[in-house]
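Asks: Here you go, this is start.tsv (TSV, N, CA, C and O atoms).
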```
chain	number	residue	atom	x	y	z
V	1	MET	N	76.65	-48.06	-4.86
V	1	MET	CA	76.84	-47.27	-6.06
V	1	MET	C	75.83	-46.12	-6.05
V	1	MET	O	74.92	-46.09	-5.26
V	2	GLY	N	75.97	-45.26	-7.02
V	2	GLY	CA	75.14	-44.07	-7.05
V	2	GLY	C	73.96	-44.17	-7.99
V	2	GLY	O	73.69	-45.20	-8.60
V	3	GLU	N	73.26	-43.06	-8.06
V	3	GLU	CA	72.10	-42.96	-8.95
V	3	GLU	C	72.47	-42.04	-10.12
V	3	GLU	O	73.13	-41.02	-9.93
V	4	ILE	N	72.05	-42.43	-11.32
V	4	ILE	CA	72.32	-41.62	-12.51
V	4	ILE	C	71.00	-41.05	-13.03
V	4	ILE	O	69.91	-41.54	-12.70
V	5	ASP	N	71.11	-40.03	-13.85
V	5	ASP	CA	69.95	-39.42	-14.49
V	5	ASP	C	69.54	-40.31	-15.66
V	5	ASP	O	70.35	-40.55	-16.56
V	6	PRO	N	68.31	-40.82	-15.68
V	6	PRO	CA	67.89	-41.69	-16.78
V	6	PRO	C	67.96	-41.01	-18.15
V	6	PRO	O	68.15	-41.67	-19.16
V	7	ASP	N	67.82	-39.68	-18.18
V	7	ASP	CA	67.88	-38.96	-19.45
V	7	ASP	C	69.28	-39.04	-20.07
V	7	ASP	O	69.42	-38.96	-21.29
V	8	ASP	N	70.31	-39.20	-19.25
V	8	ASP	CA	71.67	-39.32	-19.78
V	8	ASP	C	71.86	-40.67	-20.47
V	8	ASP	O	72.46	-40.75	-21.53
V	9	LEU	N	71.35	-41.73	-19.86
V	9	LEU	CA	71.51	-43.07	-20.41
V	9	LEU	C	70.51	-43.34	-21.53
V	9	LEU	O	70.86	-43.94	-22.54
V	10	LEU	N	69.28	-42.89	-21.35
V	10	LEU	CA	68.18	-43.17	-22.29
V	10	LEU	C	67.73	-41.86	-22.91
V	10	LEU	O	66.91	-41.15	-22.34
V	11	PRO	N	68.27	-41.51	-24.08
V	11	PRO	CA	68.13	-40.16	-24.61
V	11	PRO	C	66.77	-39.78	-25.17
V	11	PRO	O	66.58	-38.63	-25.54
V	12	SER	N	65.81	-40.70	-25.22
V	12	SER	CA	64.51	-40.32	-25.80
V	12	SER	C	63.36	-40.79	-24.91
V	12	SER	O	63.47	-41.80	-24.21
V	13	PRO	N	62.25	-40.06	-24.95
V	13	PRO	CA	61.07	-40.49	-24.20
V	13	PRO	C	60.60	-41.89	-24.62
V	13	PRO	O	60.15	-42.67	-23.78
V	14	ARG	N	60.75	-42.23	-25.90
V	14	ARG	CA	60.36	-43.57	-26.37
V	14	ARG	C	61.16	-44.65	-25.66
V	14	ARG	O	60.61	-45.67	-25.24
V	15	MET	N	62.46	-44.42	-25.48
V	15	MET	CA	63.31	-45.39	-24.78
V	15	MET	C	62.89	-45.53	-23.32
V	15	MET	O	62.77	-46.64	-22.80
V	16	ARG	N	62.67	-44.41	-22.66
V	16	ARG	CA	62.29	-44.45	-21.24
V	16	ARG	C	60.94	-45.15	-21.07
V	16	ARG	O	60.77	-45.95	-20.13
V	17	GLU	N	60.00	-44.89	-21.96
V	17	GLU	CA	58.69	-45.56	-21.89
V	17	GLU	C	58.87	-47.07	-22.12
V	17	GLU	O	58.23	-47.88	-21.45
V	18	GLY	N	59.73	-47.43	-23.07
V	18	GLY	CA	60.00	-48.84	-23.32
V	18	GLY	C	60.59	-49.55	-22.12
V	18	GLY	O	60.29	-50.71	-21.85
V	19	VAL	N	61.45	-48.85	-21.38
V	19	VAL	CA	62.01	-49.42	-20.16
V	19	VAL	C	60.89	-49.68	-19.15
V	19	VAL	O	60.81	-50.76	-18.56
V	20	LEU	N	60.03	-48.71	-18.96
V	20	LEU	CA	58.92	-48.87	-18.01
V	20	LEU	C	58.02	-50.04	-18.39
V	20	LEU	O	57.53	-50.78	-17.53
V	21	GLU	N	57.80	-50.21	-19.69
V	21	GLU	CA	56.92	-51.29	-20.17
V	21	GLU	C	57.62	-52.65	-20.19
V	21	GLU	O	56.98	-53.67	-20.44
V	22	GLY	N	58.93	-52.67	-19.98
V	22	GLY	CA	59.67	-53.92	-19.99
V	22	GLY	C	60.13	-54.35	-21.37
V	22	GLY	O	60.68	-55.44	-21.54
V	23	ASP	N	59.91	-53.51	-22.38
V	23	ASP	CA	60.32	-53.83	-23.75
V	23	ASP	C	61.77	-53.50	-24.03
V	23	ASP	O	62.36	-54.01	-24.97
V	24	VAL	N	62.36	-52.60	-23.24
V	24	VAL	CA	63.75	-52.19	-23.42
V	24	VAL	C	64.52	-52.58	-22.16
V	24	VAL	O	64.20	-52.12	-21.06
V	25	THR	N	65.51	-53.46	-22.34
V	25	THR	CA	66.30	-53.95	-21.21
V	25	THR	C	67.79	-53.66	-21.37
V	25	THR	O	68.59	-54.06	-20.53
V	26	GLN	N	68.13	-52.98	-22.47
V	26	GLN	CA	69.52	-52.58	-22.69
V	26	GLN	C	69.56	-51.46	-23.72
V	26	GLN	O	68.59	-51.24	-24.44
V	27	ILE	N	70.70	-50.77	-23.75
V	27	ILE	CA	70.92	-49.76	-24.78
V	27	ILE	C	72.41	-49.72	-25.09
V	27	ILE	O	73.25	-49.85	-24.19
V	28	HIS	N	72.71	-49.60	-26.37
V	28	HIS	CA	74.08	-49.38	-26.82
V	28	HIS	C	74.27	-47.89	-27.04
V	28	HIS	O	73.42	-47.24	-27.64
V	29	ARG	N	75.36	-47.38	-26.56
V	29	ARG	CA	75.69	-45.96	-26.74
V	29	ARG	C	77.13	-45.86	-27.21
V	29	ARG	O	77.91	-46.81	-27.06
V	30	GLY	N	77.50	-44.71	-27.74
V	30	GLY	CA	78.85	-44.51	-28.23
V	30	GLY	C	79.89	-44.39	-27.14
V	30	GLY	O	81.08	-44.54	-27.39
V	31	HIS	N	79.44	-44.13	-25.92
V	31	HIS	CA	80.32	-43.98	-24.76
V	31	HIS	C	79.67	-44.65	-23.56
V	31	HIS	O	78.47	-44.91	-23.55
V	32	GLN	N	80.44	-44.86	-22.52
V	32	GLN	CA	79.91	-45.43	-21.29
V	32	GLN	C	79.22	-44.34	-20.49
V	32	GLN	O	79.80	-43.29	-20.21
V	33	TYR	N	77.96	-44.59	-20.11
V	33	TYR	CA	77.18	-43.62	-19.36
V	33	TYR	C	76.83	-44.09	-17.95
V	33	TYR	O	76.19	-43.35	-17.21
V	34	ALA	N	77.22	-45.31	-17.59
V	34	ALA	CA	76.89	-45.83	-16.27
V	34	ALA	C	77.88	-46.93	-15.90
V	34	ALA	O	78.56	-47.48	-16.76
V	35	GLU	N	77.90	-47.23	-14.62
V	35	GLU	CA	78.71	-48.32	-14.07
V	35	GLU	C	77.76	-49.40	-13.56
V	35	GLU	O	76.63	-49.11	-13.15
V	36	VAL	N	78.23	-50.65	-13.56
V	36	VAL	CA	77.46	-51.74	-12.98
V	36	VAL	C	77.13	-51.39	-11.53
V	36	VAL	O	77.99	-50.92	-10.79
V	37	GLY	N	75.89	-51.58	-11.15
V	37	GLY	CA	75.45	-51.31	-9.79
V	37	GLY	C	74.79	-49.96	-9.62
V	37	GLY	O	74.07	-49.74	-8.64
V	38	GLU	N	75.00	-49.03	-10.56
V	38	GLU	CA	74.32	-47.74	-10.48
V	38	GLU	C	72.84	-47.94	-10.80
V	38	GLU	O	72.45	-48.90	-11.47
V	39	THR	N	72.03	-47.03	-10.29
V	39	THR	CA	70.59	-47.12	-10.48
V	39	THR	C	70.07	-45.85	-11.14
V	39	THR	O	70.74	-44.82	-11.16
V	40	PHE	N	68.86	-45.96	-11.69
V	40	PHE	CA	68.13	-44.80	-12.20
V	40	PHE	C	66.66	-45.02	-11.94
V	40	PHE	O	66.20	-46.16	-11.76
V	41	VAL	N	65.92	-43.92	-11.88
V	41	VAL	CA	64.50	-43.97	-11.53
V	41	VAL	C	63.70	-43.33	-12.65
V	41	VAL	O	64.03	-42.23	-13.12
V	42	ILE	N	62.65	-44.03	-13.09
V	42	ILE	CA	61.69	-43.50	-14.05
V	42	ILE	C	60.31	-43.70	-13.45
V	42	ILE	O	59.92	-44.83	-13.12
V	43	ASP	N	59.56	-42.62	-13.29
V	43	ASP	CA	58.21	-42.68	-12.72
V	43	ASP	C	58.14	-43.53	-11.45
V	43	ASP	O	57.31	-44.44	-11.33
V	44	ASP	N	59.03	-43.26	-10.52
V	44	ASP	CA	59.08	-43.94	-9.22
V	44	ASP	C	59.46	-45.42	-9.30
V	44	ASP	O	59.34	-46.14	-8.31
V	45	GLU	N	59.91	-45.89	-10.46
V	45	GLU	CA	60.39	-47.27	-10.62
V	45	GLU	C	61.91	-47.21	-10.68
V	45	GLU	O	62.48	-46.44	-11.46
V	46	THR	N	62.58	-48.05	-9.88
V	46	THR	CA	64.04	-48.07	-9.85
V	46	THR	C	64.57	-49.21	-10.70
V	46	THR	O	64.06	-50.33	-10.64
V	47	PHE	N	65.61	-48.90	-11.48
V	47	PHE	CA	66.28	-49.87	-12.33
V	47	PHE	C	67.75	-49.87	-11.98
V	47	PHE	O	68.32	-48.84	-11.62
V	48	GLU	N	68.37	-51.05	-12.07
V	48	GLU	CA	69.79	-51.19	-11.76
V	48	GLU	C	70.55	-51.61	-13.01
V	48	GLU	O	70.12	-52.52	-13.74
V	49	VAL	N	71.69	-50.98	-13.24
V	49	VAL	CA	72.58	-51.36	-14.34
V	49	VAL	C	73.28	-52.66	-13.93
V	49	VAL	O	73.93	-52.71	-12.88
V	50	THR	N	73.10	-53.71	-14.74
V	50	THR	CA	73.62	-55.03	-14.39
V	50	THR	C	74.83	-55.45	-15.21
V	50	THR	O	75.52	-56.41	-14.86
V	51	ASP	N	75.07	-54.75	-16.33
V	51	ASP	CA	76.19	-55.12	-17.19
V	51	ASP	C	76.57	-53.92	-18.05
V	51	ASP	O	75.69	-53.21	-18.55
V	52	VAL	N	77.86	-53.69	-18.20
V	52	VAL	CA	78.39	-52.67	-19.10
V	52	VAL	C	79.52	-53.34	-19.87
V	52	VAL	O	80.51	-53.77	-19.27
V	53	THR	N	79.34	-53.45	-21.21
V	53	THR	CA	80.28	-54.20	-22.03
V	53	THR	C	80.64	-53.42	-23.28
V	53	THR	O	79.74	-52.93	-23.98
V	54	GLU	N	81.94	-53.34	-23.59
V	54	GLU	CA	82.38	-52.74	-24.84
V	54	GLU	C	82.19	-53.75	-25.96
V	54	GLU	O	82.53	-54.92	-25.82
V	55	ARG	N	81.63	-53.27	-27.08
V	55	ARG	CA	81.36	-54.13	-28.24
V	55	ARG	C	81.60	-53.32	-29.52
V	55	ARG	O	82.01	-52.18	-29.46
V	56	THR	N	81.31	-53.91	-30.65
V	56	THR	CA	81.29	-53.19	-31.92
V	56	THR	C	79.90	-53.34	-32.51
V	56	THR	O	79.15	-54.25	-32.14
V	57	LEU	N	79.56	-52.45	-33.44
V	57	LEU	CA	78.26	-52.58	-34.10
V	57	LEU	C	78.13	-53.93	-34.79
V	57	LEU	O	77.04	-54.51	-34.84
V	58	GLY	N	79.23	-54.48	-35.28
V	58	GLY	CA	79.20	-55.79	-35.92
V	58	GLY	C	78.84	-56.92	-34.97
V	58	GLY	O	78.44	-58.00	-35.42
V	59	ASP	N	78.99	-56.71	-33.67
V	59	ASP	CA	78.62	-57.72	-32.67
V	59	ASP	C	77.11	-57.81	-32.46
V	59	ASP	O	76.62	-58.81	-31.93
V	60	LEU	N	76.37	-56.77	-32.83
V	60	LEU	CA	74.95	-56.71	-32.52
V	60	LEU	C	74.16	-57.74	-33.33
V	60	LEU	O	74.49	-58.03	-34.48
V	61	THR	N	73.11	-58.24	-32.69
V	61	THR	CA	72.24	-59.26	-33.29
V	61	THR	C	70.79	-58.79	-33.25
V	61	THR	O	70.48	-57.76	-32.64
V	62	ASP	N	69.92	-59.57	-33.87
V	62	ASP	CA	68.49	-59.28	-33.77
V	62	ASP	C	68.03	-59.30	-32.30
V	62	ASP	O	67.18	-58.50	-31.91
V	63	ASP	N	68.60	-60.20	-31.49
V	63	ASP	CA	68.24	-60.24	-30.06
V	63	ASP	C	68.61	-58.93	-29.37
V	63	ASP	O	67.85	-58.44	-28.53
V	64	ASP	N	69.76	-58.36	-29.72
V	64	ASP	CA	70.14	-57.06	-29.16
V	64	ASP	C	69.13	-55.99	-29.57
V	64	ASP	O	68.72	-55.18	-28.74
V	65	ALA	N	68.75	-55.99	-30.83
V	65	ALA	CA	67.78	-55.00	-31.32
V	65	ALA	C	66.45	-55.14	-30.58
V	65	ALA	O	65.86	-54.14	-30.17
V	66	ARG	N	66.00	-56.37	-30.38
V	66	ARG	CA	64.73	-56.58	-29.65
V	66	ARG	C	64.85	-56.11	-28.20
V	66	ARG	O	63.90	-55.55	-27.65
V	67	ALA	N	66.02	-56.31	-27.58
V	67	ALA	CA	66.23	-55.86	-26.20
V	67	ALA	C	66.23	-54.33	-26.11
V	67	ALA	O	66.08	-53.77	-25.03
V	68	GLU	N	66.38	-53.67	-27.27
V	68	GLU	CA	66.31	-52.21	-27.31
V	68	GLU	C	64.96	-51.72	-27.86
V	68	GLU	O	64.81	-50.56	-28.20
V	69	GLY	N	64.00	-52.65	-27.94
V	69	GLY	CA	62.65	-52.27	-28.33
V	69	GLY	C	62.38	-52.22	-29.82
V	69	GLY	O	61.35	-51.70	-30.24
V	70	MET	N	63.28	-52.76	-30.61
V	70	MET	CA	63.12	-52.77	-32.07
V	70	MET	C	62.77	-54.18	-32.53
V	70	MET	O	63.08	-55.16	-31.84
V	71	GLU	N	62.15	-54.30	-33.72
V	71	GLU	CA	61.75	-55.63	-34.18
V	71	GLU	C	62.90	-56.41	-34.81
V	71	GLU	O	62.85	-57.64	-34.87
V	72	SER	N	63.94	-55.71	-35.27
V	72	SER	CA	65.05	-56.41	-35.92
V	72	SER	C	66.28	-55.52	-35.93
V	72	SER	O	66.19	-54.31	-35.73
V	73	LEU	N	67.42	-56.12	-36.25
V	73	LEU	CA	68.65	-55.36	-36.36
V	73	LEU	C	68.56	-54.36	-37.51
V	73	LEU	O	69.04	-53.24	-37.41
V	74	GLU	N	67.92	-54.76	-38.59
V	74	GLU	CA	67.75	-53.85	-39.73
V	74	GLU	C	66.94	-52.62	-39.33
V	74	GLU	O	67.30	-51.49	-39.68
V	75	ALA	N	65.87	-52.82	-38.57
V	75	ALA	CA	65.06	-51.68	-38.09
V	75	ALA	C	65.88	-50.80	-37.15
V	75	ALA	O	65.77	-49.57	-37.17
V	76	TYR	N	66.70	-51.42	-36.32
V	76	TYR	CA	67.57	-50.67	-35.40
V	76	TYR	C	68.55	-49.81	-36.18
V	76	TYR	O	68.76	-48.63	-35.87
V	77	GLU	N	69.15	-50.39	-37.22
V	77	GLU	CA	70.08	-49.63	-38.06
V	77	GLU	C	69.39	-48.44	-38.71
V	77	GLU	O	69.93	-47.33	-38.71
V	78	ARG	N	68.18	-48.63	-39.22
V	78	ARG	CA	67.44	-47.51	-39.84
V	78	ARG	C	67.14	-46.42	-38.81
V	78	ARG	O	67.22	-45.23	-39.12
V	79	LEU	N	66.80	-46.82	-37.58
V	79	LEU	CA	66.54	-45.84	-36.52
V	79	LEU	C	67.79	-44.99	-36.25
V	79	LEU	O	67.70	-43.77	-36.14
V	80	LEU	N	68.94	-45.63	-36.14
V	80	LEU	CA	70.18	-44.90	-35.90
V	80	LEU	C	70.48	-43.94	-37.04
V	80	LEU	O	70.94	-42.82	-36.80
V	81	GLU	N	70.21	-44.36	-38.25
V	81	GLU	CA	70.46	-43.49	-39.41
V	81	GLU	C	69.55	-42.26	-39.37
V	81	GLU	O	69.97	-41.16	-39.73
V	82	ARG	N	68.32	-42.42	-38.92
V	82	ARG	CA	67.39	-41.28	-38.80
V	82	ARG	C	67.76	-40.38	-37.62
V	82	ARG	O	67.61	-39.17	-37.69
V	83	ALA	N	68.21	-40.98	-36.53
V	83	ALA	CA	68.44	-40.24	-35.29
V	83	ALA	C	69.75	-39.44	-35.30
V	83	ALA	O	69.85	-38.44	-34.59
V	84	HIS	N	70.73	-39.90	-36.07
V	84	HIS	CA	72.05	-39.28	-36.04
V	84	HIS	C	72.43	-38.80	-37.44
V	84	HIS	O	72.59	-39.61	-38.35
V	85	GLU	N	72.60	-37.49	-37.56
V	85	GLU	CA	72.98	-36.91	-38.84
V	85	GLU	C	74.34	-37.47	-39.30
V	85	GLU	O	75.26	-37.62	-38.51
V	86	ASN	N	74.42	-37.81	-40.57
V	86	ASN	CA	75.64	-38.35	-41.19
V	86	ASN	C	76.09	-39.67	-40.59
V	86	ASN	O	77.27	-40.00	-40.63
V	87	PHE	N	75.16	-40.44	-40.03
V	87	PHE	CA	75.51	-41.74	-39.46
V	87	PHE	C	75.63	-42.78	-40.57
V	87	PHE	O	74.78	-42.86	-41.45
V	88	GLU	N	76.69	-43.56	-40.52
V	88	GLU	CA	76.86	-44.70	-41.40
V	88	GLU	C	77.22	-45.90	-40.54
V	88	GLU	O	78.12	-45.82	-39.72
V	89	TRP	N	76.49	-46.99	-40.73
V	89	TRP	CA	76.76	-48.22	-39.98
V	89	TRP	C	78.13	-48.75	-40.38
V	89	TRP	O	78.40	-48.96	-41.55
V	90	ASP	N	78.98	-48.95	-39.40
V	90	ASP	CA	80.31	-49.51	-39.62
V	90	ASP	C	80.48	-50.62	-38.59
V	90	ASP	O	80.49	-50.35	-37.38
V	91	ASP	N	80.60	-51.87	-39.06
V	91	ASP	CA	80.71	-53.00	-38.14
V	91	ASP	C	81.84	-52.85	-37.13
V	91	ASP	O	81.79	-53.44	-36.06
V	92	ASP	N	82.85	-52.06	-37.45
V	92	ASP	CA	83.99	-51.88	-36.56
V	92	ASP	C	83.82	-50.74	-35.55
V	92	ASP	O	84.67	-50.56	-34.68
V	93	SER	N	82.74	-49.97	-35.67
V	93	SER	CA	82.50	-48.87	-34.72
V	93	SER	C	82.29	-49.41	-33.32
V	93	SER	O	81.51	-50.35	-33.11
V	94	GLU	N	82.98	-48.81	-32.36
V	94	GLU	CA	82.88	-49.26	-30.97
V	94	GLU	C	81.68	-48.64	-30.29
V	94	GLU	O	81.38	-47.45	-30.47
V	95	VAL	N	80.97	-49.46	-29.53
V	95	VAL	CA	79.82	-49.03	-28.75
V	95	VAL	C	79.90	-49.67	-27.37
V	95	VAL	O	80.69	-50.59	-27.16
V	96	VAL	N	79.08	-49.18	-26.46
V	96	VAL	CA	79.05	-49.73	-25.10
V	96	VAL	C	77.62	-50.16	-24.80
V	96	VAL	O	76.68	-49.37	-24.90
V	97	ARG	N	77.47	-51.45	-24.46
V	97	ARG	CA	76.15	-51.97	-24.10
V	97	ARG	C	75.94	-51.76	-22.60
V	97	ARG	O	76.78	-52.10	-21.78
V	98	HIS	N	74.79	-51.19	-22.26
V	98	HIS	CA	74.36	-51.02	-20.88
V	98	HIS	C	73.10	-51.88	-20.69
V	98	HIS	O	72.09	-51.62	-21.34
V	99	ARG	N	73.17	-52.88	-19.85
V	99	ARG	CA	71.99	-53.70	-19.53
V	99	ARG	C	71.48	-53.30	-18.15
V	99	ARG	O	72.26	-52.94	-17.27
V	100	PHE	N	70.17	-53.39	-17.98
V	100	PHE	CA	69.58	-52.99	-16.72
V	100	PHE	C	68.32	-53.80	-16.47
V	100	PHE	O	67.76	-54.41	-17.38
V	101	GLU	N	67.91	-53.82	-15.21
V	101	GLU	CA	66.67	-54.53	-14.85
V	101	GLU	C	65.97	-53.79	-13.72
V	101	GLU	O	66.60	-53.06	-12.95
V	102	ARG	N	64.66	-54.01	-13.68
V	102	ARG	CA	63.85	-53.40	-12.62
V	102	ARG	C	64.28	-54.00	-11.30
V	102	ARG	O	64.51	-55.18	-11.16
V	103	ARG	N	64.40	-53.15	-10.32
V	103	ARG	CA	64.83	-53.57	-8.98
V	103	ARG	C	63.65	-53.98	-8.15
V	103	ARG	O	62.58	-53.50	-8.24
```
Could you spell out this file's structure in structure tokens?
Replies:
Amino acid sequence: MGEIDPDDLLPSPRMREGVLEGDVTQIHRGHQYAEVGETFVIDDETFEVTDVTERTLGDLTDDDARAEGMESLEAYERLLERAHENFEWDDDSEVVRHRFERR
């Protein structure tokens, strides 16, 4: 598989730093940004995408929020509301989970 730009998958410096520190092991996005087996590099560290799954916001749990570097699902929801203008949490909204691990 190929290599992707980490900035495309992980849109903020906070997310990329969290990946390096091991606090962020997945991200949900509105669209698919990677395929299983693709890799990305942050500060000479290589990570591999291990899972890409379609879900809804209603599927997310506190464990998902922690895997994205947040303390709870409620905190994750507040972050999304701040990050995206006119965002409203809708349990039926479709998202794509991208899981990855250090290679």
Asks: For V:Gly58, which residue out of V:Arg16, V:Glu3, V:Leu73, V:Ser93 is the nearest one, using all atoms listed in the file?
Replies: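 Selected residue with least distance to V:Gly58: V:Ser93.
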Asks: I need the residue nearest V:Phe47 from this list: V:Gly69, V:Gly30, V:Pro13, V:Gly2. Use all atoms listed in the file for the distance.
Replies: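 Among the listed residues, the smallest separation from V:Phe47 belongs to V:Gly2.
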Asks: Given all atoms listed in the file as the basis, pick out the residue of V:Leu57, V:Glu71, V:Ile4, V:Arg102 nearest to V:Trp89.
Replies: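 Using all atoms listed in the file, V:Trp89 sits closest to V:Leu57.
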Asks: Would you please extract all helix (DSSP H, G or I) residues from stretch 26-63 of chain V, as assigned by DSSP on the backbone, and give them as a ChimeraX atom specification?
Replies: /V:57-59,62-63
Asks: Would you save the residues of that selection, restricted to N, CA, C and O atoms, as a PDB file, in the frame of the given file?
Replies:
```pdb
ATOM      1  N   LEU V  57      79.560 -52.450 -33.440  1.00  0.00           N
ATOM      2  CA  LEU V  57      78.260 -52.580 -34.100  1.00  0.00           C
ATOM      3  C   LEU V  57      78.130 -53.930 -34.790  1.00  0.00           C
ATOM      4  O   LEU V  57      77.040 -54.510 -34.840  1.00  0.00           O
ATOM      5  N   GLY V  58      79.230 -54.480 -35.280  1.00  0.00           N
ATOM      6  CA  GLY V  58      79.200 -55.790 -35.920  1.00  0.00           C
ATOM      7  C   GLY V  58      78.840 -56.920 -34.970  1.00  0.00           C
ATOM      8  O   GLY V  58      78.440 -58.000 -35.420  1.00  0.00           O
ATOM      9  N   ASP V  59      78.990 -56.710 -33.670  1.00  0.00           N
ATOM     10  CA  ASP V  59      78.620 -57.720 -32.670  1.00  0.00           C
ATOM     11  C   ASP V  59      77.110 -57.810 -32.460  1.00  0.00           C
ATOM     12  O   ASP V  59      76.620 -58.810 -31.930  1.00  0.00           O
ATOM     13  N   ASP V  62      69.920 -59.570 -33.870  1.00  0.00           N
ATOM     14  CA  ASP V  62      68.490 -59.280 -33.770  1.00  0.00           C
ATOM     15  C   ASP V  62      68.030 -59.300 -32.300  1.00  0.00           C
ATOM     16  O   ASP V  62      67.180 -58.500 -31.910  1.00  0.00           O
ATOM     17  N   ASP V  63      68.600 -60.200 -31.490  1.00  0.00           N
ATOM     18  CA  ASP V  63      68.240 -60.240 -30.060  1.00  0.00           C
ATOM     19  C   ASP V  63      68.610 -58.930 -29.370  1.00  0.00           C
ATOM     20  O   ASP V  63      67.850 -58.440 -28.530  1.00  0.00           O
TER      21      ASP V  63
END
```
Asks: So, counting all atoms listed in the file, which residue among V:Leu10, V:Leu60, V:Ala67, V:Val49 is closest to V:Gly22?
Replies: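 The closest residue to V:Gly22 is V:Ala67.
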Asks: Please return, as a ChimeraX atom specification, all residues of stretch 22-98 of chain V that DSSP assigns to strand (DSSP E) on the basis of the backbone.
Replies: /V:26-29,39-42,45-56,94-98
Asks: Taking N, CA, C and O atoms for each residue, export the selection above as a compact mmCIF listing (two decimals), in the coordinates of the input.
Replies:
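Full text of again-v1.txt as output:
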```
# COMPACT_ATOMS: atom_id res chain seq x y z
N GLN V 26 68.13 -52.98 -22.47
CA GLN V 26 69.52 -52.58 -22.69
C GLN V 26 69.56 -51.46 -23.72
O GLN V 26 68.59 -51.24 -24.44
N ILE V 27 70.70 -50.77 -23.75
CA ILE V 27 70.92 -49.76 -24.78
C ILE V 27 72.41 -49.72 -25.09
O ILE V 27 73.25 -49.85 -24.19
N HIS V 28 72.71 -49.60 -26.37
CA HIS V 28 74.08 -49.38 -26.82
C HIS V 28 74.27 -47.89 -27.04
O HIS V 28 73.42 -47.24 -27.64
N ARG V 29 75.36 -47.38 -26.56
CA ARG V 29 75.69 -45.96 -26.74
C ARG V 29 77.13 -45.86 -27.21
O ARG V 29 77.91 -46.81 -27.06
N THR V 39 72.03 -47.03 -10.29
CA THR V 39 70.59 -47.12 -10.48
C THR V 39 70.07 -45.85 -11.14
O THR V 39 70.74 -44.82 -11.16
N PHE V 40 68.86 -45.96 -11.69
CA PHE V 40 68.13 -44.80 -12.20
C PHE V 40 66.66 -45.02 -11.94
O PHE V 40 66.20 -46.16 -11.76
N VAL V 41 65.92 -43.92 -11.88
CA VAL V 41 64.50 -43.97 -11.53
C VAL V 41 63.70 -43.33 -12.65
O VAL V 41 64.03 -42.23 -13.12
N ILE V 42 62.65 -44.03 -13.09
CA ILE V 42 61.69 -43.50 -14.05
C ILE V 42 60.31 -43.70 -13.45
O ILE V 42 59.92 -44.83 -13.12
N GLU V 45 59.91 -45.89 -10.46
CA GLU V 45 60.39 -47.27 -10.62
C GLU V 45 61.91 -47.21 -10.68
O GLU V 45 62.48 -46.44 -11.46
N THR V 46 62.58 -48.05 -9.88
CA THR V 46 64.04 -48.07 -9.85
C THR V 46 64.57 -49.21 -10.70
O THR V 46 64.06 -50.33 -10.64
N PHE V 47 65.61 -48.90 -11.48
CA PHE V 47 66.28 -49.87 -12.33
C PHE V 47 67.75 -49.87 -11.98
O PHE V 47 68.32 -48.84 -11.62
N GLU V 48 68.37 -51.05 -12.07
CA GLU V 48 69.79 -51.19 -11.76
C GLU V 48 70.55 -51.61 -13.01
O GLU V 48 70.12 -52.52 -13.74
N VAL V 49 71.69 -50.98 -13.24
CA VAL V 49 72.58 -51.36 -14.34
C VAL V 49 73.28 -52.66 -13.93
O VAL V 49 73.93 -52.71 -12.88
N THR V 50 73.10 -53.71 -14.74
CA THR V 50 73.62 -55.03 -14.39
C THR V 50 74.83 -55.45 -15.21
O THR V 50 75.52 -56.41 -14.86
N ASP V 51 75.07 -54.75 -16.33
CA ASP V 51 76.19 -55.12 -17.19
C ASP V 51 76.57 -53.92 -18.05
O ASP V 51 75.69 -53.21 -18.55
N VAL V 52 77.86 -53.69 -18.20
CA VAL V 52 78.39 -52.67 -19.10
C VAL V 52 79.52 -53.34 -19.87
O VAL V 52 80.51 -53.77 -19.27
N THR V 53 79.34 -53.45 -21.21
CA THR V 53 80.28 -54.20 -22.03
C THR V 53 80.64 -53.42 -23.28
O THR V 53 79.74 -52.93 -23.98
N GLU V 54 81.94 -53.34 -23.59
CA GLU V 54 82.38 -52.74 -24.84
C GLU V 54 82.19 -53.75 -25.96
O GLU V 54 82.53 -54.92 -25.82
N ARG V 55 81.63 -53.27 -27.08
CA ARG V 55 81.36 -54.13 -28.24
C ARG V 55 81.60 -53.32 -29.52
O ARG V 55 82.01 -52.18 -29.46
N THR V 56 81.31 -53.91 -30.65
CA THR V 56 81.29 -53.19 -31.92
C THR V 56 79.90 -53.34 -32.51
O THR V 56 79.15 -54.25 -32.14
N GLU V 94 82.98 -48.81 -32.36
CA GLU V 94 82.88 -49.26 -30.97
C GLU V 94 81.68 -48.64 -30.29
O GLU V 94 81.38 -47.45 -30.47
N VAL V 95 80.97 -49.46 -29.53
CA VAL V 95 79.82 -49.03 -28.75
C VAL V 95 79.90 -49.67 -27.37
O VAL V 95 80.69 -50.59 -27.16
N VAL V 96 79.08 -49.18 -26.46
CA VAL V 96 79.05 -49.73 -25.10
C VAL V 96 77.62 -50.16 -24.80
O VAL V 96 76.68 -49.37 -24.90
N ARG V 97 77.47 -51.45 -24.46
CA ARG V 97 76.15 -51.97 -24.10
C ARG V 97 75.94 -51.76 -22.60
O ARG V 97 76.78 -52.10 -21.78
N HIS V 98 74.79 -51.19 -22.26
CA HIS V 98 74.36 -51.02 -20.88
C HIS V 98 73.10 -51.88 -20.69
O HIS V 98 72.09 -51.62 -21.34
```
Asks: Please provide the set of residues having any atom within 6 Å of V:Ile27, restricted to only C-alpha atoms, with same-chain residues fewer than 4 positions apart removed, written as a PyMOL selection string.
Replies: chain V and resi 68+97-98
Asks: Generate a file of the selected residues that holds N, CA, C and O atoms, formatted as a short mmCIF file (atom, residue, chain, number, x, y, z; two decimals), in the coordinates of the input.
Replies:
```cif
data_model
loop_
_atom_site.label_atom_id
_atom_site.label_comp_id
_atom_site.auth_asym_id
_atom_site.auth_seq_id
_atom_site.Cartn_x
_atom_site.Cartn_y
_atom_site.Cartn_z
N GLU V 68 66.38 -53.67 -27.27
CA GLU V 68 66.31 -52.21 -27.31
C GLU V 68 64.96 -51.72 -27.86
O GLU V 68 64.81 -50.56 -28.20
N ARG V 97 77.47 -51.45 -24.46
CA ARG V 97 76.15 -51.97 -24.10
C ARG V 97 75.94 -51.76 -22.60
O ARG V 97 76.78 -52.10 -21.78
N HIS V 98 74.79 -51.19 -22.26
CA HIS V 98 74.36 -51.02 -20.88
C HIS V 98 73.10 -51.88 -20.69
O HIS V 98 72.09 -51.62 -21.34
#
```
